[in-house]
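**Q** Data file input-v4.cif (mmCIF, C-alpha atoms) is appended below.
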```cif
data_start
#
loop_
_atom_site.label_atom_id
_atom_site.label_comp_id
_atom_site.auth_asym_id
_atom_site.auth_seq_id
_atom_site.Cartn_x
_atom_site.Cartn_y
_atom_site.Cartn_z
CA MET H 1 0.00 0.00 0.00
CA GLU H 2 2.86 2.36 0.75
CA ARG H 3 4.57 1.58 -2.57
CA ALA H 4 1.28 2.38 -4.30
CA GLY H 5 1.36 5.86 -2.77
CA THR H 6 -1.39 5.48 -0.18
CA ASP H 7 -1.63 8.64 1.93
CA VAL H 8 -2.99 7.06 5.10
CA ILE H 9 -2.99 3.38 6.08
CA GLU H 10 -5.51 2.51 8.78
CA ALA H 11 -3.68 -0.31 10.53
CA GLY H 12 -6.35 -1.54 12.92
CA PHE H 13 -8.49 -1.09 16.05
CA PRO H 14 -6.21 -1.37 19.12
CA ALA H 15 -9.05 -2.00 21.58
CA ASN H 16 -9.98 -5.15 19.66
CA SER H 17 -7.25 -7.48 20.97
CA GLN H 18 -3.60 -7.85 21.93
CA ALA H 19 -2.91 -9.46 18.55
CA GLU H 20 -4.38 -6.40 16.84
CA ARG H 21 -2.16 -4.12 18.90
CA GLU H 22 0.93 -6.10 18.00
CA SER H 23 0.11 -6.02 14.29
CA ILE H 24 -0.34 -2.24 14.42
CA LYS H 25 3.06 -1.87 16.09
CA MET H 26 4.66 -4.00 13.36
CA ILE H 27 3.07 -1.89 10.64
CA SER H 28 4.13 1.33 12.38
CA ARG H 29 7.75 0.16 12.41
CA GLU H 30 7.73 -0.83 8.73
CA VAL H 31 5.83 2.04 7.11
CA GLU H 32 7.91 5.12 6.35
CA ALA H 33 6.10 7.43 3.92
CA SER H 34 2.42 6.74 4.62
CA GLU H 35 0.63 8.02 7.71
CA VAL H 36 -0.41 5.21 10.06
CA ALA H 37 -3.92 5.53 11.48
CA VAL H 38 -5.69 3.65 14.25
CA LEU H 39 -9.43 3.38 14.78
CA CYS H 40 -10.54 4.45 18.22
CA ARG H 41 -13.63 5.21 20.29
CA PRO H 42 -13.58 8.65 21.98
CA MET H 43 -12.62 7.13 25.34
CA LYS H 44 -9.45 7.79 27.34
CA ALA H 45 -8.49 4.11 27.71
CA ASP H 46 -8.91 3.50 23.98
CA ILE H 47 -6.97 6.63 23.08
CA ASP H 48 -4.08 5.74 25.41
CA ALA H 49 -3.88 2.22 23.95
CA ALA H 50 -4.00 3.61 20.44
CA SER H 51 -1.25 6.15 21.15
CA GLU H 52 1.08 3.43 22.40
CA THR H 53 0.64 1.27 19.29
CA VAL H 54 1.68 4.01 16.84
CA SER H 55 4.44 5.56 18.94
CA ARG H 56 7.04 4.31 16.43
CA ALA H 57 5.20 5.59 13.34
CA SER H 58 6.88 8.37 11.39
CA ARG H 59 3.48 10.08 11.27
CA SER H 60 0.39 8.97 13.20
CA ARG H 61 -3.35 9.56 13.08
CA VAL H 62 -6.17 8.62 15.44
CA HIS H 63 -9.53 7.99 13.83
CA LEU H 64 -12.11 8.69 16.53
CA TRP H 65 -15.67 7.71 15.81
CA ILE H 66 -19.10 7.54 17.40
CA ALA H 67 -22.62 6.98 16.07
CA THR H 68 -24.75 10.08 15.54
CA SER H 69 -28.10 8.86 14.15
CA PRO H 70 -31.15 8.83 16.46
CA LEU H 71 -31.47 5.07 15.94
CA HIS H 72 -27.88 4.33 16.95
CA MET H 73 -27.78 6.79 19.83
CA ARG H 74 -30.93 5.32 21.35
CA TYR H 75 -30.54 1.59 20.73
CA LYS H 76 -26.77 1.07 20.53
CA LEU H 77 -25.22 3.78 22.66
CA ASN H 78 -28.17 4.37 24.98
CA MET H 79 -27.03 7.98 25.11
CA PRO H 80 -28.89 11.27 24.50
CA PRO H 81 -27.49 13.56 21.78
CA GLN H 82 -25.97 16.00 24.29
CA LYS H 83 -24.03 13.19 25.96
CA VAL H 84 -22.72 12.04 22.56
CA MET H 85 -21.53 15.57 21.85
CA GLU H 86 -19.79 15.76 25.24
CA ARG H 87 -18.08 12.42 24.59
CA VAL H 88 -16.79 13.63 21.22
CA VAL H 89 -15.45 16.91 22.57
CA GLU H 90 -13.73 15.19 25.50
CA GLY H 91 -12.22 12.54 23.23
CA VAL H 92 -10.91 14.99 20.65
CA ARG H 93 -9.39 17.20 23.34
CA TYR H 94 -7.79 14.25 25.10
CA ALA H 95 -6.23 13.01 21.85
CA GLN H 96 -4.49 16.35 21.23
CA GLY H 97 -0.72 16.03 21.25
CA LYS H 98 -0.77 12.23 21.26
CA PHE H 99 -1.03 11.94 17.47
CA ASP H 100 -0.01 14.05 14.50
CA VAL H 101 -3.59 14.10 13.19
CA VAL H 102 -6.90 13.75 15.03
CA GLN H 103 -9.78 12.73 12.76
CA PHE H 104 -13.39 12.47 13.86
CA THR H 105 -16.00 10.38 12.05
CA ALA H 106 -19.76 10.45 12.55
CA GLU H 107 -20.99 6.88 12.17
CA ASP H 108 -24.34 6.53 10.38
CA ALA H 109 -24.06 10.19 9.37
CA THR H 110 -26.36 9.76 6.38
CA ARG H 111 -29.24 8.85 8.72
CA SER H 112 -28.42 11.55 11.28
CA GLU H 113 -30.38 14.74 11.85
CA ILE H 114 -28.54 17.40 9.87
CA GLU H 115 -28.78 20.16 12.50
CA PHE H 116 -27.34 17.95 15.24
CA LEU H 117 -24.67 16.60 12.89
CA CYS H 118 -23.50 20.07 11.88
CA ASP H 119 -23.45 21.23 15.51
CA LEU H 120 -21.40 18.17 16.44
CA MET H 121 -18.91 18.74 13.64
CA ARG H 122 -18.46 22.38 14.69
CA GLU H 123 -17.77 21.33 18.26
CA ALA H 124 -15.33 18.62 17.13
CA VAL H 125 -13.40 21.19 15.12
CA ARG H 126 -13.40 23.66 18.03
CA ALA H 127 -12.04 20.90 20.25
CA GLY H 128 -9.14 20.42 17.84
CA ALA H 129 -10.13 17.87 15.21
CA HIS H 130 -7.89 18.21 12.16
CA GLU H 131 -10.33 16.41 9.84
CA VAL H 132 -13.97 15.34 10.03
CA ASN H 133 -15.58 12.42 8.27
CA LEU H 134 -19.12 11.39 7.32
CA ALA H 135 -19.94 7.68 7.25
CA ASP H 136 -22.67 6.16 5.09
CA THR H 137 -22.55 3.15 7.39
CA LEU H 138 -25.44 1.26 5.83
CA GLY H 139 -24.50 2.13 2.25
CA CYS H 140 -28.03 3.44 1.83
CA ALA H 141 -27.44 7.01 0.59
CA LEU H 142 -27.73 8.24 -2.99
CA PRO H 143 -24.90 10.28 -4.56
CA GLU H 144 -26.93 13.48 -4.44
CA GLN H 145 -27.66 12.93 -0.75
CA VAL H 146 -23.97 12.47 0.03
CA SER H 147 -23.19 15.57 -2.02
CA LEU H 148 -25.68 17.69 -0.08
CA LEU H 149 -24.45 16.34 3.26
CA VAL H 150 -20.84 17.22 2.45
CA GLN H 151 -21.89 20.69 1.34
CA GLU H 152 -23.93 21.30 4.50
CA VAL H 153 -21.11 20.23 6.81
CA ARG H 154 -18.57 22.30 4.89
CA ARG H 155 -20.82 25.33 5.20
CA SER H 156 -21.19 24.64 8.89
CA ILE H 157 -17.50 24.35 9.77
CA GLY H 158 -16.06 26.60 7.06
CA ASP H 159 -12.73 25.89 5.44
CA ARG H 160 -10.87 25.27 8.67
CA VAL H 161 -10.54 21.50 8.26
CA PRO H 162 -11.07 18.99 5.43
CA VAL H 163 -14.27 16.96 5.20
CA GLY H 164 -14.17 13.31 4.14
CA VAL H 165 -16.51 10.37 3.60
CA HIS H 166 -16.61 6.68 4.48
CA CYS H 167 -18.96 4.81 2.14
CA HIS H 168 -20.29 1.27 2.33
CA ASN H 169 -21.52 -0.59 -0.73
CA ASP H 170 -24.83 -2.17 0.28
CA LEU H 171 -26.61 -0.67 -2.76
CA GLY H 172 -23.57 -0.80 -5.03
CA LEU H 173 -23.15 2.98 -4.79
CA ALA H 174 -19.97 3.33 -2.73
CA THR H 175 -17.75 4.46 -5.61
CA ALA H 176 -20.41 6.79 -6.99
CA ASN H 177 -20.96 8.27 -3.52
CA CYS H 178 -17.24 8.87 -3.07
CA LEU H 179 -16.99 10.63 -6.42
CA SER H 180 -20.04 12.74 -5.63
CA ALA H 181 -18.48 13.71 -2.31
CA ILE H 182 -15.25 14.76 -4.01
CA ARG H 183 -17.15 16.90 -6.50
CA SER H 184 -18.79 18.59 -3.52
CA GLY H 185 -15.48 19.37 -1.82
CA ALA H 186 -14.59 16.26 0.20
CA ARG H 187 -10.83 15.96 0.51
CA HIS H 188 -10.28 12.50 1.89
CA ILE H 189 -11.96 9.21 1.07
CA ASP H 190 -11.90 5.99 3.09
CA VAL H 191 -11.39 3.02 0.77
CA THR H 192 -10.41 -0.64 1.01
CA VAL H 193 -8.41 -2.72 -1.45
CA THR H 194 -10.85 -4.76 -3.60
CA GLY H 195 -13.70 -3.17 -1.59
CA ILE H 196 -13.53 -5.67 1.28
CA GLY H 197 -15.50 -4.81 4.41
CA GLU H 198 -18.58 -5.49 6.48
CA ARG H 199 -21.58 -6.96 4.65
CA SER H 200 -21.31 -5.84 1.00
CA GLY H 201 -18.01 -4.10 1.60
CA ASN H 202 -16.66 -0.56 1.38
CA ALA H 203 -15.68 1.80 -1.38
CA SER H 204 -13.08 0.09 -3.55
CA TYR H 205 -9.59 1.61 -3.61
CA GLU H 206 -8.96 0.64 -7.24
CA GLN H 207 -12.40 1.72 -8.50
CA VAL H 208 -12.17 5.17 -6.91
CA VAL H 209 -8.62 5.75 -8.17
CA VAL H 210 -9.33 4.62 -11.73
CA SER H 211 -12.56 6.64 -11.84
CA LEU H 212 -10.65 9.75 -10.81
CA LEU H 213 -7.96 9.08 -13.41
CA PHE H 214 -10.44 8.34 -16.20
CA HIS H 215 -12.44 11.48 -15.39
CA LYS H 216 -9.48 13.63 -14.38
CA ASP H 217 -10.81 16.60 -16.35
CA HIS H 218 -13.87 16.66 -14.07
CA PHE H 219 -11.97 16.54 -10.76
CA ASP H 220 -9.68 19.30 -9.60
CA ILE H 221 -7.44 17.12 -7.42
CA ASP H 222 -4.00 15.55 -7.49
CA LEU H 223 -3.45 11.92 -6.57
CA SER H 224 -0.31 10.52 -4.99
CA VAL H 225 -1.31 6.98 -6.02
CA ASP H 226 0.80 5.08 -8.56
CA PRO H 227 -1.92 3.29 -10.58
CA SER H 228 0.54 0.73 -11.98
CA LYS H 229 0.76 -0.80 -8.47
CA LEU H 230 -2.97 -1.42 -8.13
CA GLY H 231 -3.03 -4.80 -9.87
CA GLU H 232 -0.29 -6.21 -7.64
CA LEU H 233 -1.92 -4.72 -4.55
CA CYS H 234 -5.29 -6.30 -5.33
CA ASP H 235 -3.70 -9.65 -6.21
CA THR H 236 -1.85 -9.64 -2.89
CA VAL H 237 -5.00 -8.98 -0.88
CA ILE H 238 -6.95 -11.65 -2.76
CA LYS H 239 -4.18 -14.20 -2.25
CA GLU H 240 -3.30 -13.45 1.38
CA MET H 241 -6.94 -13.33 2.48
CA GLY H 242 -7.94 -16.40 0.50
CA LEU H 243 -10.67 -14.49 -1.33
CA LEU H 244 -12.54 -15.85 -4.30
CA GLN H 245 -11.97 -13.51 -7.22
CA PRO H 246 -15.41 -12.42 -8.45
CA LEU H 247 -16.36 -13.03 -12.07
CA CYS H 248 -17.70 -9.59 -12.97
CA GLN H 249 -16.21 -7.20 -10.38
CA PRO H 250 -15.02 -3.95 -12.01
CA LEU H 251 -11.32 -3.86 -12.95
CA ILE H 252 -10.21 -6.96 -11.03
CA GLY H 253 -12.91 -9.53 -11.80
CA GLN H 254 -12.01 -12.56 -13.91
CA ASN H 255 -14.01 -11.15 -16.82
CA ALA H 256 -13.11 -7.47 -16.35
CA PHE H 257 -10.82 -7.40 -19.41
CA LYS H 258 -11.97 -10.60 -21.10
CA HIS H 259 -13.89 -10.50 -24.39
CA GLU H 260 -16.07 -13.09 -26.11
CA SER H 261 -18.66 -11.22 -28.19
CA GLY H 262 -17.77 -11.32 -31.87
CA ILE H 263 -18.59 -7.64 -32.32
CA HIS H 264 -16.46 -6.69 -29.32
CA VAL H 265 -13.46 -8.77 -30.34
CA HIS H 266 -13.62 -7.46 -33.90
CA GLY H 267 -13.44 -3.91 -32.52
CA MET H 268 -10.71 -4.82 -30.04
CA LEU H 269 -8.50 -6.28 -32.76
CA SER H 270 -8.67 -2.96 -34.59
CA ASN H 271 -8.21 -0.80 -31.51
CA PRO H 272 -8.37 -2.08 -27.91
CA MET H 273 -9.89 1.19 -26.71
CA THR H 274 -13.12 0.34 -28.53
CA TYR H 275 -14.10 -1.93 -25.63
CA GLU H 276 -11.61 -1.21 -22.84
CA LEU H 277 -11.88 2.07 -20.94
CA LEU H 278 -8.14 2.15 -20.32
CA ASN H 279 -5.04 0.15 -21.10
CA PRO H 280 -5.10 -2.50 -18.33
CA SER H 281 -1.30 -2.34 -18.02
CA THR H 282 -1.80 1.19 -16.68
CA ILE H 283 -3.04 -0.38 -13.46
CA GLY H 284 -0.78 -3.43 -13.63
CA ILE H 285 -3.41 -5.79 -15.01
CA LYS H 286 -3.24 -8.07 -18.03
CA GLY H 287 -5.73 -7.10 -20.74
CA GLU H 288 -6.85 -8.04 -24.24
CA GLN H 289 -7.93 -11.52 -23.16
CA TYR H 290 -10.18 -13.30 -25.62
CA VAL H 291 -12.29 -16.42 -25.25
CA LEU H 292 -14.20 -18.33 -27.90
CA GLY H 293 -17.77 -19.19 -26.91
CA LYS H 294 -21.36 -19.03 -28.06
CA HIS H 295 -21.09 -15.32 -28.97
CA THR H 296 -17.84 -15.66 -30.90
CA GLY H 297 -17.33 -14.25 -34.39
CA LYS H 298 -14.93 -15.40 -37.07
CA ALA H 299 -12.51 -12.50 -36.40
CA ALA H 300 -11.72 -13.98 -33.00
CA VAL H 301 -11.34 -17.49 -34.42
CA ARG H 302 -9.01 -16.17 -37.12
CA HIS H 303 -7.00 -14.32 -34.46
CA PHE H 304 -6.60 -17.49 -32.38
CA LEU H 305 -5.44 -19.46 -35.42
CA GLU H 306 -2.97 -16.76 -36.43
CA LYS H 307 -1.51 -16.86 -32.94
CA LYS H 308 -0.40 -20.42 -33.78
CA GLY H 309 0.66 -19.54 -37.33
CA CYS H 310 -2.38 -21.13 -39.00
CA THR H 311 -5.07 -20.00 -41.41
CA LEU H 312 -8.26 -21.22 -43.10
CA PRO H 313 -10.25 -20.05 -46.12
CA ASP H 314 -13.24 -17.86 -45.24
CA ASP H 315 -15.85 -20.54 -45.82
CA GLU H 316 -13.97 -23.05 -43.63
CA LEU H 317 -13.35 -20.35 -41.04
CA MET H 318 -17.08 -19.68 -40.81
CA ARG H 319 -17.81 -23.39 -40.44
CA LEU H 320 -15.20 -23.69 -37.67
CA THR H 321 -16.71 -20.67 -35.93
CA ASP H 322 -20.15 -22.31 -35.95
CA LEU H 323 -18.71 -25.51 -34.49
CA VAL H 324 -16.94 -23.55 -31.74
CA LYS H 325 -20.24 -21.89 -30.81
CA GLU H 326 -22.04 -25.24 -30.66
CA SER H 327 -19.26 -26.93 -28.71
CA SER H 328 -19.05 -24.16 -26.11
CA LEU H 329 -22.60 -24.87 -24.98
CA LEU H 330 -21.51 -28.34 -23.83
CA SER H 331 -17.77 -28.05 -23.19
CA GLY H 332 -17.35 -24.41 -22.24
CA PRO H 333 -15.41 -21.66 -24.00
CA ILE H 334 -11.94 -22.02 -25.51
CA ASP H 335 -9.39 -19.61 -24.05
CA ASP H 336 -6.16 -20.93 -25.56
CA PRO H 337 -5.09 -20.76 -29.24
CA GLY H 338 -3.46 -24.18 -28.96
CA ALA H 339 -6.73 -25.69 -27.79
CA LEU H 340 -8.49 -24.21 -30.83
CA VAL H 341 -5.93 -25.73 -33.20
CA LYS H 342 -6.44 -29.14 -31.60
CA PHE H 343 -10.23 -28.69 -31.74
CA ALA H 344 -10.04 -27.82 -35.47
CA GLN H 345 -7.78 -30.76 -36.24
CA ASP H 346 -10.06 -33.14 -34.32
CA LYS H 347 -12.94 -31.88 -36.45
CA GLY H 348 -11.02 -32.67 -39.64
CA PHE H 349 -10.01 -29.14 -40.70
CA ASP H 350 -6.94 -28.90 -42.90
CA LEU H 351 -5.08 -25.99 -41.31
CA LYS H 352 -2.62 -24.17 -43.55
CA ALA H 353 0.53 -22.41 -42.43
CA ARG H 354 -0.01 -18.66 -42.45
CA GLU H 355 2.35 -16.75 -44.70
CA GLY H 356 4.62 -14.29 -42.95
CA PRO H 357 6.77 -14.27 -39.82
CA HIS H 358 4.25 -16.29 -37.79
CA GLY H 359 3.82 -19.08 -40.34
CA ASN H 360 4.99 -22.59 -39.43
#
```
If you took the structure in this file and wrote it as C-alpha cells, what would it be?
**A**
Amino acid sequence: MERAGTDVIEAGFPANSQAERESIKMISREVEASEVAVLCRPMKADIDAASETVSRASRSRVHLWIATSPLHMRYKLNMPPQKVMERVVEGVRYAQGKFDVVQFTAEDATRSEIEFLCDLMREAVRAGAHEVNLADTLGCALPEQVSLLVQEVRRSIGDRVPVGVHCHNDLGLATANCLSAIRSGARHIDVTVTGIGERSGNASYEQVVVSLLFHKDHFDIDLSVDPSKLGELCDTVIKEMGLLQPLCQPLIGQNAFKHESGIHVHGMLSNPMTYELLNPSTIGIKGEQYVLGKHTGKAAVRHFLEKKGCTLPDDELMRLTDLVKESSLLSGPIDDPGALVKFAQDKGFDLKAREGPHGN
C-alpha cells in the first residue's frame, strides 16, 4: 500500500485485541512514507492504547468515531445527543498532542439529523479535530444525498478543516458516492483494497482511483497513487486473504478485461480502446484476453489461429466458428489458441501455415 502511494494506512483497532495491537506496532515500524492511522472510540483508555501502538510511526493519526443517528444513539449507545456531543469533545481534546492528526467520524451520518450533525462537527473542530468524516454506514445514501451532506457540513465548519466520507456498498453505490463527495469538496476518502469490508463491503480503492484518473478533467485534485501498483496490490489482498476472485467485479474480476462477443473482439482487434476504458497495463493488469464461446465471431477465431501460425479459407473459417459456438454450450469456451488448433484438427479441418513471420 505504501509503494502504491497510499496517503494514510488505517492499521487496525487497538481496543480489539492484543494481537491487533501487535500487528499495528509492526506496521508502524515498517511504514515510512504513509501516515499510520488507528481506529478508536472517543474514550481515554482506547486513546491511550492507540497512542502506544503508533508511537514508532513516522506520522500517526487517530480515527475517533461515534454513532450520531437517532437510531444508533438510542438503541446502541443508549445515550442522548448531548451526551454524545460531550463524549466527542472530550475525546478529541484528550487526543491532542498524542497523534499528528486527530480525525473524527460520525458513524451513520447519512441517517443523522442534519442540524445535530453540523453542531457536532463544529464542536469537534473547536475541540481540535484536524479532519472530520461522514460515514454512510449502511451504504443506503444516494450520490446526491452524500453531495448535499458534504456541502452542509462544509458550510457549517467553514474551510478550517477537510471533510471526508466513508462509504459502504450495500446498494452498489460506494464508488459513486465517493466521487459525488469529491465533486462537492470532500478531501479524503476511506477506501479498502478490492472493496472488502462489512456486509457488502466498502468503497473500492482501485475503483475510486481509476474513476478519478479516467475522469481527471472533471476533478480538480491531485493523486499521490501510482496506478501501476494497483493490480499487484489487489492480487496480494486476494491471495493473502484467500478471497474468491469475483467473475464480474469492475477492474479486477475474472471477466473485467476478457472479451467473447464477436462484435467486441472485432473492434478490439482494430483498436483495444473500442471496448476497454483504459489500457489494463496502466493499473498493472493483463488485458486483451479473448475467449471463444457461443457469442464468438470469425474475427476472434481467425485471431486465435494466427496466434499459432495457422489460417483457413473464409468458408472453412465460418464453419469452424459455428462448431466452436455449438461446442461451447456443452464443453465451455476455448481460451487458448493451442486448444483451438487441436479442436479444429479433431474436427477434420486442414489448417494451412499462415504466410509471414508467424507461419509454421
**Q** Taking the file as shown, find all residues satisfying the PyMOL selection byres ((chain H and resi 282-294) around 8) and write them as a CSV table (one decimal) with C-alpha atoms, in the frame of the given file.
**A**
```
chain,number,residue,atom,x,y,z
H,227,PRO,CA,-1.9,3.3,-10.6
H,228,SER,CA,0.5,0.7,-12.0
H,229,LYS,CA,0.8,-0.8,-8.5
H,230,LEU,CA,-3.0,-1.4,-8.1
H,231,GLY,CA,-3.0,-4.8,-9.9
H,232,GLU,CA,-0.3,-6.2,-7.6
H,252,ILE,CA,-10.2,-7.0,-11.0
H,257,PHE,CA,-10.8,-7.4,-19.4
H,258,LYS,CA,-12.0,-10.6,-21.1
H,259,HIS,CA,-13.9,-10.5,-24.4
H,260,GLU,CA,-16.1,-13.1,-26.1
H,265,VAL,CA,-13.5,-8.8,-30.3
H,268,MET,CA,-10.7,-4.8,-30.0
H,272,PRO,CA,-8.4,-2.1,-27.9
H,278,LEU,CA,-8.1,2.2,-20.3
H,279,ASN,CA,-5.0,0.2,-21.1
H,280,PRO,CA,-5.1,-2.5,-18.3
H,281,SER,CA,-1.3,-2.3,-18.0
H,295,HIS,CA,-21.1,-15.3,-29.0
H,296,THR,CA,-17.8,-15.7,-30.9
H,300,ALA,CA,-11.7,-14.0,-33.0
H,301,VAL,CA,-11.3,-17.5,-34.4
H,324,VAL,CA,-16.9,-23.6,-31.7
H,325,LYS,CA,-20.2,-21.9,-30.8
H,326,GLU,CA,-22.0,-25.2,-30.7
H,328,SER,CA,-19.0,-24.2,-26.1
H,329,LEU,CA,-22.6,-24.9,-25.0
H,332,GLY,CA,-17.4,-24.4,-22.2
H,333,PRO,CA,-15.4,-21.7,-24.0
H,334,ILE,CA,-11.9,-22.0,-25.5
H,335,ASP,CA,-9.4,-19.6,-24.0
H,336,ASP,CA,-6.2,-20.9,-25.6
```
**Q** For the atom pair atom CA of Leu269 of chain H and atom CA of Cys310 of chain H, what is the interatomic distance in Å to one decimal place?
**A** 17.2 Å
**Q** In Å, how far is it from atom CA of His215 of chain H to atom CA of Ala186 of chain H?
**A**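 Computing the Euclidean distance for atom CA of His215 of chain H and atom CA of Ala186 of chain H yields 16.4 Å.
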**Q** Could you list, as a ChimeraX atom specification, every residue within 7 Å of Asp100 of chain H, counting all atoms listed in the file and ignoring same-chain residues fewer than 3 positions away?
**A** /H:59-61
**Q** Nearest to Ala176 of chain H among H:Ser69, H:Gln145, H:Gln245, H:Thr194, with distances taken over all atoms listed in the file: which residue is it?
**A**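 So, comparing all the options, the nearest one is H:Gln145.
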**Q** Show me, as a PyMOL selection string, the residues that have an atom within 12 Å of Ser17 of chain H when counting all atoms listed in the file, minus same-chain residues fewer than 3 positions from it.
**A** chain H and resi 12-14+20-24+46+49-50+53
**Q** Just save segment 118-143 of chain H with N, CA and C atoms, as a short mmCIF file (atom, residue, chain, number, x, y, z; two decimals), in the first residue's frame.
**A**
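Output file out00.cif is given in full below:
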```
data_model
loop_
_atom_site.label_atom_id
_atom_site.label_comp_id
_atom_site.auth_asym_id
_atom_site.auth_seq_id
_atom_site.Cartn_x
_atom_site.Cartn_y
_atom_site.Cartn_z
N CYS H 118 -24.30 18.87 12.13
CA CYS H 118 -23.50 20.07 11.88
C CYS H 118 -23.01 20.69 13.19
N ASP H 119 -23.88 20.72 14.21
CA ASP H 119 -23.45 21.23 15.51
C ASP H 119 -22.31 20.39 16.07
N LEU H 120 -22.43 19.08 15.93
CA LEU H 120 -21.40 18.17 16.44
C LEU H 120 -20.08 18.37 15.72
N MET H 121 -20.14 18.53 14.41
CA MET H 121 -18.91 18.74 13.64
C MET H 121 -18.23 20.05 14.03
N ARG H 122 -19.02 21.10 14.26
CA ARG H 122 -18.46 22.38 14.69
C ARG H 122 -17.74 22.23 16.03
N GLU H 123 -18.37 21.51 16.95
CA GLU H 123 -17.77 21.33 18.26
C GLU H 123 -16.51 20.46 18.18
N ALA H 124 -16.52 19.46 17.31
CA ALA H 124 -15.33 18.62 17.13
C ALA H 124 -14.16 19.44 16.61
N VAL H 125 -14.45 20.33 15.68
CA VAL H 125 -13.40 21.19 15.12
C VAL H 125 -12.89 22.17 16.18
N ARG H 126 -13.80 22.75 16.95
CA ARG H 126 -13.40 23.66 18.03
C ARG H 126 -12.53 22.95 19.07
N ALA H 127 -12.81 21.67 19.27
CA ALA H 127 -12.04 20.90 20.25
C ALA H 127 -10.67 20.51 19.72
N GLY H 128 -10.47 20.68 18.40
CA GLY H 128 -9.14 20.42 17.84
C GLY H 128 -9.06 19.36 16.76
N ALA H 129 -10.18 18.86 16.28
CA ALA H 129 -10.13 17.87 15.21
C ALA H 129 -9.50 18.48 13.96
N HIS H 130 -8.56 17.73 13.36
CA HIS H 130 -7.89 18.21 12.16
C HIS H 130 -8.66 17.86 10.89
N GLU H 131 -9.49 16.82 10.97
CA GLU H 131 -10.33 16.41 9.84
C GLU H 131 -11.62 15.83 10.40
N VAL H 132 -12.71 15.97 9.65
CA VAL H 132 -13.97 15.34 10.03
C VAL H 132 -14.45 14.47 8.87
N ASN H 133 -15.22 13.45 9.23
CA ASN H 133 -15.58 12.42 8.27
C ASN H 133 -17.04 12.03 8.43
N LEU H 134 -17.71 11.74 7.32
CA LEU H 134 -19.12 11.39 7.32
C LEU H 134 -19.27 9.96 6.81
N ALA H 135 -19.83 9.09 7.63
CA ALA H 135 -19.94 7.68 7.25
C ALA H 135 -21.35 7.34 6.77
N ASP H 136 -21.42 6.76 5.57
CA ASP H 136 -22.67 6.16 5.09
C ASP H 136 -22.61 4.69 5.50
N THR H 137 -22.82 4.45 6.78
CA THR H 137 -22.55 3.15 7.39
C THR H 137 -23.38 2.02 6.81
N LEU H 138 -24.59 2.30 6.40
CA LEU H 138 -25.44 1.26 5.83
C LEU H 138 -25.38 1.22 4.30
N GLY H 139 -24.59 2.09 3.71
CA GLY H 139 -24.50 2.13 2.25
C GLY H 139 -25.84 2.41 1.62
N CYS H 140 -26.65 3.25 2.28
CA CYS H 140 -28.03 3.44 1.83
C CYS H 140 -28.26 4.79 1.14
N ALA H 141 -27.26 5.66 1.14
CA ALA H 141 -27.44 7.01 0.59
C ALA H 141 -27.27 7.01 -0.93
N LEU H 142 -27.91 7.99 -1.57
CA LEU H 142 -27.73 8.24 -2.99
C LEU H 142 -26.63 9.28 -3.18
N PRO H 143 -25.97 9.30 -4.34
CA PRO H 143 -24.90 10.28 -4.56
C PRO H 143 -25.30 11.71 -4.28
#
```
